[in-house]
>>> print(open('final38.tsv').read())   # TSV, N, CA and C atoms
chain	number	residue	atom	x	y	z
A	1	GLN	N	216.91	36.36	-57.86
A	1	GLN	CA	216.59	37.53	-57.04
A	1	GLN	C	217.87	38.26	-56.67
A	2	VAL	N	217.92	39.54	-57.04
A	2	VAL	CA	219.10	40.35	-56.77
A	2	VAL	C	219.11	40.78	-55.31
A	3	GLN	N	220.24	40.58	-54.67
A	3	GLN	CA	220.39	41.02	-53.29
A	3	GLN	C	221.67	41.83	-53.15
A	4	LEU	N	221.58	42.94	-52.46
A	4	LEU	CA	222.75	43.78	-52.18
A	4	LEU	C	222.74	44.10	-50.69
A	5	VAL	N	223.86	43.88	-50.05
A	5	VAL	CA	223.96	44.10	-48.61
A	5	VAL	C	225.17	44.98	-48.31
A	6	GLU	N	224.89	46.20	-47.81
A	6	GLU	CA	225.96	47.13	-47.48
A	6	GLU	C	226.45	46.92	-46.05
A	7	SER	N	227.68	47.31	-45.82
A	7	SER	CA	228.25	47.31	-44.48
A	7	SER	C	229.38	48.33	-44.43
A	8	GLY	N	229.82	48.65	-43.22
A	8	GLY	CA	230.98	49.51	-43.08
A	8	GLY	C	230.69	50.93	-42.65
A	9	GLY	N	229.42	51.29	-42.57
A	9	GLY	CA	229.09	52.63	-42.12
A	9	GLY	C	229.40	52.81	-40.65
A	10	GLY	N	229.29	54.05	-40.18
A	10	GLY	CA	229.55	54.34	-38.78
A	10	GLY	C	229.74	55.82	-38.55
A	11	SER	N	230.28	56.14	-37.39
A	11	SER	CA	230.52	57.52	-37.02
A	11	SER	C	232.02	57.79	-37.01
A	12	VAL	N	232.40	58.95	-37.54
A	12	VAL	CA	233.81	59.31	-37.62
A	12	VAL	C	233.93	60.82	-37.54
A	13	GLN	N	235.08	61.29	-37.11
A	13	GLN	CA	235.30	62.73	-37.06
A	13	GLN	C	235.72	63.23	-38.44
A	14	ALA	N	235.49	64.50	-38.66
A	14	ALA	CA	235.89	65.12	-39.92
A	14	ALA	C	237.38	64.90	-40.15
A	15	GLY	N	237.71	64.59	-41.41
A	15	GLY	CA	239.09	64.28	-41.75
A	15	GLY	C	239.41	62.80	-41.71
A	16	GLY	N	238.51	62.02	-41.11
A	16	GLY	CA	238.72	60.59	-40.98
A	16	GLY	C	238.32	59.83	-42.22
A	17	SER	N	238.37	58.50	-42.11
A	17	SER	CA	238.10	57.61	-43.25
A	17	SER	C	237.15	56.50	-42.85
A	18	LEU	N	236.42	56.01	-43.84
A	18	LEU	CA	235.58	54.83	-43.71
A	18	LEU	C	235.64	54.07	-45.02
A	19	ARG	N	235.40	52.76	-44.95
A	19	ARG	CA	235.33	51.94	-46.15
A	19	ARG	C	234.01	51.18	-46.15
A	20	LEU	N	233.19	51.47	-47.14
A	20	LEU	CA	231.92	50.79	-47.28
A	20	LEU	C	232.09	49.57	-48.19
A	21	SER	N	231.33	48.54	-47.89
A	21	SER	CA	231.32	47.34	-48.73
A	21	SER	C	229.88	47.00	-49.11
A	22	CYS	N	229.73	46.35	-50.24
A	22	CYS	CA	228.41	45.92	-50.70
A	22	CYS	C	228.56	44.57	-51.38
A	23	GLU	N	228.02	43.55	-50.72
A	23	GLU	CA	228.05	42.20	-51.31
A	23	GLU	C	226.78	42.01	-52.13
A	24	TYR	N	226.93	41.50	-53.35
A	24	TYR	CA	225.77	41.34	-54.21
A	24	TYR	C	225.69	39.91	-54.74
A	25	SER	N	224.46	39.52	-55.07
A	25	SER	CA	224.22	38.18	-55.60
A	25	SER	C	222.96	38.17	-56.44
A	26	GLY	N	222.81	37.16	-57.26
A	26	GLY	CA	221.59	36.97	-58.03
A	26	GLY	C	221.42	37.88	-59.22
A	27	TYR	N	222.48	38.53	-59.67
A	27	TYR	CA	222.35	39.52	-60.75
A	27	TYR	C	222.34	38.84	-62.11
A	28	THR	N	221.30	39.15	-62.95
A	28	THR	CA	221.21	38.53	-64.27
A	28	THR	C	220.86	39.52	-65.37
A	29	TYR	N	220.84	40.80	-65.09
A	29	TYR	CA	220.48	41.83	-66.07
A	29	TYR	C	221.45	41.83	-67.22
A	30	THR	N	220.92	41.93	-68.46
A	30	THR	CA	221.80	41.82	-69.62
A	30	THR	C	221.61	42.97	-70.61
A	31	ASN	N	221.06	44.07	-70.21
A	31	ASN	CA	220.80	45.17	-71.15
A	31	ASN	C	221.85	46.26	-71.01
A	32	ASN	N	221.49	47.47	-71.43
A	32	ASN	CA	222.41	48.59	-71.41
A	32	ASN	C	223.00	48.80	-70.02
A	33	CYS	N	224.29	49.12	-69.95
A	33	CYS	CA	224.98	49.33	-68.69
A	33	CYS	C	225.00	48.07	-67.83
A	34	MET	N	225.01	46.90	-68.51
A	34	MET	CA	225.02	45.64	-67.78
A	34	MET	C	226.16	45.59	-66.79
A	35	GLY	N	225.84	45.29	-65.54
A	35	GLY	CA	226.86	45.09	-64.53
A	35	GLY	C	227.44	46.33	-63.90
A	36	TRP	N	227.01	47.50	-64.35
A	36	TRP	CA	227.52	48.72	-63.72
A	36	TRP	C	226.92	48.84	-62.33
A	37	MET	N	227.73	49.32	-61.41
A	37	MET	CA	227.28	49.49	-60.04
A	37	MET	C	227.61	50.90	-59.57
A	38	ALA	N	226.93	51.33	-58.53
A	38	ALA	CA	227.11	52.70	-58.05
A	38	ALA	C	226.85	52.80	-56.56
A	39	TRP	N	227.36	53.87	-56.01
A	39	TRP	CA	227.02	54.29	-54.66
A	39	TRP	C	226.20	55.57	-54.75
A	40	PHE	N	225.13	55.61	-54.00
A	40	PHE	CA	224.30	56.80	-53.86
A	40	PHE	C	224.27	57.18	-52.39
A	41	ARG	N	223.81	58.40	-52.12
A	41	ARG	CA	223.60	58.79	-50.73
A	41	ARG	C	222.35	59.65	-50.64
A	42	GLU	N	221.77	59.63	-49.46
A	42	GLU	CA	220.52	60.34	-49.26
A	42	GLU	C	220.48	60.94	-47.87
A	43	VAL	N	220.04	62.18	-47.83
A	43	VAL	CA	219.82	62.89	-46.58
A	43	VAL	C	218.33	63.18	-46.48
A	44	PRO	N	217.73	63.02	-45.31
A	44	PRO	CA	216.29	63.30	-45.18
A	44	PRO	C	215.93	64.68	-45.72
A	45	GLY	N	214.89	64.72	-46.55
A	45	GLY	CA	214.44	66.00	-47.11
A	45	GLY	C	215.11	66.37	-48.42
A	46	LYS	N	216.10	65.58	-48.84
A	46	LYS	CA	216.79	65.87	-50.10
A	46	LYS	C	216.70	64.66	-51.02
A	47	GLU	N	216.89	64.90	-52.30
A	47	GLU	CA	216.87	63.81	-53.27
A	47	GLU	C	218.12	62.95	-53.13
A	48	ARG	N	217.93	61.67	-53.43
A	48	ARG	CA	219.07	60.76	-53.45
A	48	ARG	C	220.02	61.20	-54.56
A	49	GLU	N	221.32	61.22	-54.28
A	49	GLU	CA	222.28	61.68	-55.28
A	49	GLU	C	223.36	60.63	-55.53
A	50	GLY	N	223.79	60.56	-56.78
A	50	GLY	CA	224.84	59.62	-57.13
A	50	GLY	C	226.18	60.10	-56.62
A	51	VAL	N	226.96	59.18	-56.08
A	51	VAL	CA	228.28	59.49	-55.55
A	51	VAL	C	229.36	59.05	-56.53
A	52	ALA	N	229.31	57.79	-56.94
A	52	ALA	CA	230.32	57.23	-57.84
A	52	ALA	C	229.75	56.01	-58.51
A	53	LEU	N	230.25	55.71	-59.72
A	53	LEU	CA	229.83	54.48	-60.38
A	53	LEU	C	231.02	53.82	-61.05
A	54	ILE	N	230.85	52.52	-61.33
A	54	ILE	CA	231.94	51.72	-61.85
A	54	ILE	C	231.39	50.70	-62.84
A	55	SER	N	232.15	50.45	-63.89
A	55	SER	CA	231.72	49.50	-64.90
A	55	SER	C	231.83	48.06	-64.40
A	56	GLN	N	231.29	47.14	-65.18
A	56	GLN	CA	231.30	45.74	-64.78
A	56	GLN	C	232.71	45.21	-64.59
A	57	SER	N	233.63	45.62	-65.44
A	57	SER	CA	235.01	45.14	-65.34
A	57	SER	C	235.82	45.93	-64.32
A	58	GLY	N	235.32	47.11	-63.96
A	58	GLY	CA	236.07	47.98	-63.06
A	58	GLY	C	237.01	48.94	-63.77
A	59	SER	N	237.04	48.87	-65.09
A	59	SER	CA	237.99	49.69	-65.83
A	59	SER	C	237.53	51.14	-66.00
A	60	SER	N	236.24	51.38	-65.84
A	60	SER	CA	235.70	52.74	-65.97
A	60	SER	C	235.04	53.14	-64.67
A	61	VAL	N	235.39	54.33	-64.20
A	61	VAL	CA	234.79	54.87	-62.99
A	61	VAL	C	234.41	56.32	-63.23
A	62	TYR	N	233.48	56.79	-62.44
A	62	TYR	CA	233.03	58.18	-62.52
A	62	TYR	C	232.69	58.64	-61.11
A	63	TYR	N	233.06	59.88	-60.82
A	63	TYR	CA	232.78	60.45	-59.51
A	63	TYR	C	232.01	61.76	-59.65
A	64	ASN	N	231.10	61.95	-58.74
A	64	ASN	CA	230.46	63.25	-58.68
A	64	ASN	C	231.48	64.25	-58.14
A	65	ASP	N	231.32	65.50	-58.54
A	65	ASP	CA	232.35	66.50	-58.21
A	65	ASP	C	232.61	66.62	-56.71
A	66	PHE	N	231.59	66.43	-55.90
A	66	PHE	CA	231.75	66.70	-54.48
A	66	PHE	C	232.57	65.64	-53.75
A	67	VAL	N	232.94	64.54	-54.44
A	67	VAL	CA	233.78	63.53	-53.80
A	67	VAL	C	235.09	63.28	-54.54
A	68	LYS	N	235.27	63.94	-55.66
A	68	LYS	CA	236.49	63.72	-56.45
A	68	LYS	C	237.74	64.01	-55.61
A	69	GLY	N	238.68	63.09	-55.68
A	69	GLY	CA	239.92	63.24	-54.94
A	69	GLY	C	239.85	62.77	-53.50
A	70	ARG	N	238.64	62.44	-53.02
A	70	ARG	CA	238.49	61.99	-51.62
A	70	ARG	C	237.96	60.56	-51.54
A	71	PHE	N	237.08	60.17	-52.46
A	71	PHE	CA	236.47	58.84	-52.44
A	71	PHE	C	237.02	58.00	-53.60
A	72	THR	N	237.08	56.69	-53.39
A	72	THR	CA	237.51	55.77	-54.43
A	72	THR	C	236.55	54.59	-54.49
A	73	ILE	N	235.98	54.37	-55.67
A	73	ILE	CA	235.09	53.22	-55.87
A	73	ILE	C	235.89	52.09	-56.52
A	74	SER	N	235.62	50.87	-56.10
A	74	SER	CA	236.30	49.71	-56.66
A	74	SER	C	235.40	48.49	-56.49
A	75	ARG	N	235.79	47.41	-57.13
A	75	ARG	CA	235.01	46.18	-56.99
A	75	ARG	C	235.92	44.97	-57.13
A	76	ASP	N	235.53	43.91	-56.47
A	76	ASP	CA	236.22	42.63	-56.57
A	76	ASP	C	235.20	41.65	-57.16
A	77	THR	N	235.33	41.39	-58.46
A	77	THR	CA	234.33	40.56	-59.12
A	77	THR	C	234.38	39.11	-58.64
A	78	ALA	N	235.53	38.65	-58.19
A	78	ALA	CA	235.64	37.29	-57.68
A	78	ALA	C	234.86	37.13	-56.38
A	79	LYS	N	234.78	38.20	-55.61
A	79	LYS	CA	234.06	38.17	-54.33
A	79	LYS	C	232.67	38.78	-54.44
A	80	ASN	N	232.28	39.23	-55.65
A	80	ASN	CA	230.98	39.89	-55.82
A	80	ASN	C	230.79	41.00	-54.79
A	81	THR	N	231.79	41.84	-54.67
A	81	THR	CA	231.75	42.90	-53.66
A	81	THR	C	232.15	44.23	-54.27
A	82	LEU	N	231.40	45.24	-53.94
A	82	LEU	CA	231.65	46.62	-54.33
A	82	LEU	C	232.16	47.38	-53.11
A	83	TYR	N	233.09	48.31	-53.32
A	83	TYR	CA	233.66	49.08	-52.22
A	83	TYR	C	233.57	50.58	-52.49
A	84	LEU	N	233.59	51.33	-51.39
A	84	LEU	CA	233.74	52.78	-51.48
A	84	LEU	C	234.68	53.19	-50.35
A	85	GLN	N	235.89	53.57	-50.72
A	85	GLN	CA	236.86	54.09	-49.75
A	85	GLN	C	236.62	55.59	-49.64
A	86	MET	N	236.33	56.04	-48.43
A	86	MET	CA	236.02	57.44	-48.22
A	86	MET	C	237.08	58.04	-47.30
A	87	ASP	N	237.83	58.97	-47.83
A	87	ASP	CA	238.88	59.65	-47.07
A	87	ASP	C	238.57	61.14	-46.94
A	88	THR	N	239.24	61.78	-46.02
A	88	THR	CA	239.05	63.22	-45.78
A	88	THR	C	237.56	63.55	-45.69
A	89	LEU	N	236.87	62.81	-44.86
A	89	LEU	CA	235.43	62.98	-44.74
A	89	LEU	C	235.09	64.34	-44.15
A	90	LYS	N	233.95	64.85	-44.61
A	90	LYS	CA	233.44	66.13	-44.15
A	90	LYS	C	232.07	65.92	-43.51
A	91	ALA	N	231.66	66.88	-42.72
A	91	ALA	CA	230.32	66.80	-42.11
A	91	ALA	C	229.25	66.71	-43.19
A	92	ALA	N	229.50	67.34	-44.34
A	92	ALA	CA	228.53	67.33	-45.44
A	92	ALA	C	228.38	65.95	-46.08
A	93	ASP	N	229.28	65.02	-45.74
A	93	ASP	CA	229.17	63.66	-46.26
A	93	ASP	C	228.22	62.80	-45.43
A	94	THR	N	227.73	63.33	-44.33
A	94	THR	CA	226.80	62.60	-43.49
A	94	THR	C	225.54	62.26	-44.28
A	95	ALA	N	225.20	60.99	-44.36
A	95	ALA	CA	224.07	60.53	-45.16
A	95	ALA	C	223.90	59.03	-45.00
A	96	MET	N	222.78	58.53	-45.51
A	96	MET	CA	222.62	57.10	-45.68
A	96	MET	C	223.19	56.77	-47.05
A	97	TYR	N	224.07	55.79	-47.10
A	97	TYR	CA	224.71	55.40	-48.34
A	97	TYR	C	224.13	54.08	-48.83
A	98	TYR	N	223.81	54.05	-50.13
A	98	TYR	CA	223.22	52.88	-50.75
A	98	TYR	C	224.08	52.41	-51.91
A	99	CYS	N	224.22	51.11	-52.05
A	99	CYS	CA	224.81	50.59	-53.27
A	99	CYS	C	223.67	50.17	-54.20
A	100	ALA	N	223.94	50.20	-55.50
A	100	ALA	CA	222.92	49.89	-56.48
A	100	ALA	C	223.56	49.25	-57.71
A	101	VAL	N	222.76	48.49	-58.42
A	101	VAL	CA	223.20	47.87	-59.67
A	101	VAL	C	222.15	48.11	-60.72
A	102	THR	N	222.55	48.12	-61.98
A	102	THR	CA	221.61	48.43	-63.06
A	102	THR	C	220.58	47.34	-63.25
A	103	GLY	N	219.45	47.75	-63.85
A	103	GLY	CA	218.34	46.84	-64.06
A	103	GLY	C	217.25	47.08	-63.04
A	104	GLY	N	216.29	46.17	-63.00
A	104	GLY	CA	215.22	46.28	-62.03
A	104	GLY	C	214.13	47.25	-62.46
A	105	PRO	N	213.05	47.30	-61.70
A	105	PRO	CA	211.92	48.19	-62.03
A	105	PRO	C	212.22	49.65	-61.69
A	106	GLY	N	211.69	50.56	-62.53
A	106	GLY	CA	211.87	51.98	-62.25
A	106	GLY	C	213.33	52.34	-62.21
A	107	GLY	N	213.76	52.90	-61.10
A	107	GLY	CA	215.18	53.15	-60.95
A	107	GLY	C	215.55	54.61	-61.03
A	108	THR	N	216.79	54.89	-60.73
A	108	THR	CA	217.35	56.23	-60.72
A	108	THR	C	218.48	56.29	-61.73
A	109	TRP	N	218.49	57.35	-62.53
A	109	TRP	CA	219.53	57.52	-63.55
A	109	TRP	C	220.76	58.20	-62.96
A	110	PHE	N	221.93	57.67	-63.35
A	110	PHE	CA	223.19	58.26	-62.91
A	110	PHE	C	224.25	57.88	-63.91
A	111	GLY	N	224.93	58.88	-64.47
A	111	GLY	CA	226.00	58.60	-65.42
A	111	GLY	C	225.55	57.85	-66.65
A	112	GLY	N	224.28	58.06	-67.06
A	112	GLY	CA	223.78	57.41	-68.25
A	112	GLY	C	223.25	56.01	-68.04
A	113	CYS	N	223.25	55.54	-66.81
A	113	CYS	CA	222.75	54.21	-66.48
A	113	CYS	C	221.58	54.31	-65.51
A	114	ARG	N	220.69	53.32	-65.59
A	114	ARG	CA	219.52	53.30	-64.70
A	114	ARG	C	219.71	52.23	-63.65
A	115	PHE	N	219.63	52.64	-62.43
A	115	PHE	CA	219.87	51.75	-61.28
A	115	PHE	C	218.56	51.46	-60.58
A	116	GLY	N	218.17	50.17	-60.59
A	116	GLY	CA	216.88	49.80	-60.03
A	116	GLY	C	216.93	48.77	-58.93
A	117	TYR	N	218.12	48.24	-58.67
A	117	TYR	CA	218.28	47.30	-57.55
A	117	TYR	C	219.11	48.00	-56.48
A	118	TRP	N	218.63	47.90	-55.22
A	118	TRP	CA	219.23	48.68	-54.14
A	118	TRP	C	219.47	47.82	-52.91
A	119	GLY	N	220.50	48.21	-52.17
A	119	GLY	CA	220.69	47.62	-50.86
A	119	GLY	C	219.84	48.35	-49.84
A	120	GLN	N	219.98	47.95	-48.58
A	120	GLN	CA	219.16	48.54	-47.52
A	120	GLN	C	219.76	49.83	-46.96
A	121	GLY	N	221.01	50.10	-47.30
A	121	GLY	CA	221.66	51.33	-46.86
A	121	GLY	C	222.50	51.14	-45.62
A	122	THR	N	223.51	51.99	-45.49
A	122	THR	CA	224.34	52.02	-44.30
A	122	THR	C	224.62	53.47	-43.95
A	123	GLN	N	224.46	53.81	-42.68
A	123	GLN	CA	224.54	55.21	-42.25
A	123	GLN	C	226.00	55.62	-42.04
A	124	VAL	N	226.33	56.79	-42.57
A	124	VAL	CA	227.63	57.41	-42.34
A	124	VAL	C	227.40	58.75	-41.66
A	125	THR	N	228.01	58.94	-40.51
A	125	THR	CA	227.86	60.18	-39.76
A	125	THR	C	229.24	60.77	-39.50
A	126	VAL	N	229.45	62.00	-39.96
A	126	VAL	CA	230.74	62.67	-39.80
A	126	VAL	C	230.54	63.88	-38.90
A	127	SER	N	231.25	63.92	-37.81
A	127	SER	CA	231.12	65.03	-36.86
A	127	SER	C	232.27	66.02	-37.08
A	128	SER	N	231.92	67.28	-36.98
A	128	SER	CA	232.93	68.33	-37.21
A	128	SER	C	233.57	68.77	-35.91
>>> encode(input="final38.tsv", output="C-alpha coordinates")
Amino acid sequence: QVQLVESGGGSVQAGGSLRLSCEYSGYTYTNNCMGWMAWFREVPGKEREGVALISQSGSSVYYNDFVKGRFTISRDTAKNTLYLQMDTLKAADTAMYYCAVTGGPGGTWFGGCRFGYWGQGTQVTVSS
(Lines of atoms letter the chains of each structure in order from A and count residues from 1; the text may use other names and numbers.)
(Lines give C-alpha, C1' and ligand atoms only; values in the text may rest on other atoms or scores of the structure.)
Protein backbone atom coordinates (compact mmCIF):
# COMPACT_ATOMS: atom_id res chain seq x y z
CA GLN A 1 0.00 0.00 0.00
CA VAL A 2 1.46 3.30 -1.14
CA GLN A 3 1.51 6.02 1.47
CA LEU A 4 2.62 9.62 1.04
CA VAL A 5 2.67 12.08 3.91
CA GLU A 6 3.37 15.78 3.32
CA SER A 7 4.60 18.26 5.89
CA GLY A 8 6.13 21.72 6.04
CA GLY A 9 3.26 23.91 4.95
CA GLY A 10 2.30 27.06 6.80
CA SER A 11 1.83 30.79 6.57
CA VAL A 12 4.53 33.15 5.33
CA GLN A 13 4.81 36.67 4.02
CA ALA A 14 5.47 37.38 0.37
CA GLY A 15 9.15 37.03 -0.43
CA GLY A 16 9.62 34.38 2.23
CA SER A 17 10.49 30.70 1.96
CA LEU A 18 9.07 27.33 2.93
CA ARG A 19 10.31 23.77 2.49
CA LEU A 20 7.79 21.01 1.93
CA SER A 21 8.59 17.37 2.59
CA CYS A 22 6.84 14.19 1.52
CA GLU A 23 7.70 10.83 3.05
CA TYR A 24 6.64 7.87 0.95
CA SER A 25 6.46 4.12 1.44
CA GLY A 26 5.04 0.98 -0.11
CA TYR A 27 5.78 1.93 -3.72
CA THR A 28 5.96 -0.99 -6.17
CA TYR A 29 4.86 0.43 -9.56
CA THR A 30 7.06 -0.81 -12.38
CA ASN A 31 5.62 0.68 -15.59
CA ASN A 32 6.24 3.85 -17.58
CA CYS A 33 7.66 6.74 -15.53
CA MET A 34 8.46 4.30 -12.73
CA GLY A 35 9.42 6.17 -9.58
CA TRP A 36 8.80 9.66 -10.88
CA MET A 37 7.36 11.98 -8.28
CA ALA A 38 5.77 15.40 -8.44
CA TRP A 39 4.32 18.28 -6.51
CA PHE A 40 0.91 19.60 -7.46
CA ARG A 41 -1.15 22.43 -6.03
CA GLU A 42 -4.81 23.20 -5.92
CA VAL A 43 -6.89 26.25 -5.17
CA PRO A 44 -10.65 25.91 -4.52
CA GLY A 45 -12.57 26.37 -7.76
CA LYS A 46 -9.55 25.70 -9.97
CA GLU A 47 -8.04 22.56 -11.46
CA ARG A 48 -5.12 20.92 -9.73
CA GLU A 49 -1.92 21.97 -11.50
CA GLY A 50 1.51 20.42 -11.69
CA VAL A 51 4.29 22.40 -10.04
CA ALA A 52 7.42 20.29 -10.52
CA LEU A 53 8.43 16.70 -11.13
CA ILE A 54 11.54 14.62 -10.65
CA SER A 55 12.78 11.30 -11.96
CA GLN A 56 13.40 8.25 -9.81
CA SER A 57 17.14 8.92 -9.64
CA GLY A 58 16.70 12.67 -9.25
CA SER A 59 18.76 13.38 -12.34
CA SER A 60 15.85 14.83 -14.33
CA VAL A 61 13.60 17.61 -13.12
CA TYR A 62 10.94 19.77 -14.71
CA TYR A 63 9.25 22.93 -13.49
CA ASN A 64 6.12 24.64 -14.55
CA ASP A 65 6.83 28.15 -15.82
CA PHE A 66 5.20 29.90 -12.89
CA VAL A 67 7.76 28.52 -10.40
CA LYS A 68 10.93 28.41 -12.49
CA GLY A 69 13.81 30.08 -10.70
CA ARG A 70 11.93 30.17 -7.37
CA PHE A 71 11.17 26.53 -6.46
CA THR A 72 13.52 23.55 -6.31
CA ILE A 73 12.39 19.92 -6.29
CA SER A 74 14.69 17.25 -4.90
CA ARG A 75 14.57 13.82 -3.30
CA ASP A 76 16.55 11.71 -0.89
CA THR A 77 16.07 8.11 -2.00
CA ALA A 78 17.79 6.75 1.11
CA LYS A 79 15.19 8.48 3.27
CA ASN A 80 12.27 7.93 0.84
CA THR A 81 11.56 11.64 1.01
CA LEU A 82 10.62 14.19 -1.62
CA TYR A 83 11.22 17.92 -1.08
CA LEU A 84 10.07 21.21 -2.51
CA GLN A 85 12.10 24.27 -1.56
CA MET A 86 9.98 27.33 -2.22
CA ASP A 87 11.69 30.72 -2.28
CA THR A 88 10.51 34.21 -3.17
CA LEU A 89 6.96 33.16 -2.47
CA LYS A 90 4.09 35.16 -3.89
CA ALA A 91 0.48 35.50 -2.82
CA ALA A 92 -0.42 33.60 -6.01
CA ASP A 93 1.42 30.56 -4.60
CA THR A 94 -1.23 30.18 -1.90
CA ALA A 95 -2.72 26.71 -2.36
CA MET A 96 -2.97 23.21 -0.99
CA TYR A 97 0.16 21.37 -2.09
CA TYR A 98 0.14 17.64 -2.79
CA CYS A 99 2.93 15.22 -3.49
CA ALA A 100 2.26 12.38 -5.90
CA VAL A 101 3.96 9.34 -7.40
CA THR A 102 3.26 7.51 -10.64
CA GLY A 103 0.96 4.53 -10.84
CA GLY A 104 -2.32 3.89 -9.10
CA PRO A 105 -5.88 4.14 -10.42
CA GLY A 106 -6.92 6.98 -12.71
CA GLY A 107 -4.55 9.80 -12.02
CA THR A 108 -3.47 13.15 -13.37
CA TRP A 109 -1.04 13.60 -16.26
CA PHE A 110 1.95 15.90 -15.85
CA GLY A 111 5.13 16.00 -17.89
CA GLY A 112 4.19 12.83 -19.75
CA CYS A 113 3.64 10.80 -16.59
CA ARG A 114 0.44 9.73 -14.87
CA PHE A 115 0.25 10.32 -11.15
CA GLY A 116 -2.30 8.27 -9.27
CA TYR A 117 -1.00 8.06 -5.71
CA TRP A 118 -1.44 11.17 -3.58
CA GLY A 119 -0.70 12.50 -0.17
CA GLN A 120 -3.28 14.28 1.97
CA GLY A 121 -1.93 17.73 1.16
CA THR A 122 -0.34 20.55 3.11
CA GLN A 123 -1.60 24.14 3.05
CA VAL A 124 0.66 27.00 2.00
CA THR A 125 -0.60 30.52 2.61
CA VAL A 126 1.37 33.55 1.43
CA SER A 127 0.26 36.98 2.57
CA SER A 128 1.11 40.09 0.60
>>> select_by_dssp(input="final38.tsv", residues="range 63-97 of chain A", states="helix (DSSP H, G or I)", output="list in words")
Asp65, Phe66, Val67, Ala91, Ala92 and Asp93 of chain A
>>> atom_distance(input="final38.tsv", atom1="CA of Ser17 in chain A", atom2="CA of Val124 in chain A")
10.5 Å
>>> closest_residue(input="final38.tsv", among="A:Val101, A:Phe110, A:Leu18, A:Gln13", to="Val51 in chain A", atoms="only N, CA and C atoms")
A:Phe110
>>> closest_residue(input="final38.tsv", among="A:Glu47, A:Ser55, A:Thr102, A:Gly107", to="Asn31 in chain A", atoms="only C-alpha atoms")
A:Thr102
>>> residues_around(input="final38.tsv", residues="range 82-89 of chain A", least_positions_apart="4", cutoff="6.5 Å", atoms="only N, CA and C atoms", output="PyMOL selection string")
chain A and resi 13-24+70-76+93+126
>>> closest_residue(input="final38.tsv", among="A:Gly9, A:Ser25, A:Thr77, A:Cys99", to="Met37 in chain A", atoms="all atoms listed in the file")
A:Cys99
>>> residues_around(input="final38.tsv", residues="Gln123 in chain A", least_positions_apart="5", cutoff="5 Å", atoms="all atoms listed in the file", output="VMD selection string")
chain A and resid 9 to 10 95 to 97
>>> select_by_dssp(input="final38.tsv", residues="chain A", states="strand (DSSP E or B)", output="VMD selection string")
chain A and resid 3 to 7 10 to 13 18 to 25 37 to 42 49 to 54 61 to 63 71 to 76 81 to 86 95 to 103 108 to 110 113 to 118 122 to 127
>>> atom_distance(input="final38.tsv", atom1="CA of Ala38 in chain A", atom2="CA of Thr94 in chain A")
17.6 Å
>>> atom_distance(input="final38.tsv", atom1="CA of Pro105 in chain A", atom2="atom C of Ala92 in chain A")
29.0 Å
>>> residues_around(input="final38.tsv", residues="Asn32 in chain A", least_positions_apart="6", cutoff="8 Å", atoms="all atoms listed in the file", output="number ranges by chain")
A: 102-103, 112-114
>>> residues_around(input="final38.tsv", residues="Gly111 in chain A", least_positions_apart="5", cutoff="8 Å", atoms="all atoms listed in the file", output="ChimeraX atom specification")
/A:50,53,62
>>> residues_near_point(input="final38.tsv", point="(221.1, 51.0, -52.2)", cutoff="7 Å", atoms="only C-alpha atoms", output="NGL selection string")
:A and (40 or 97-100 or 118-121)
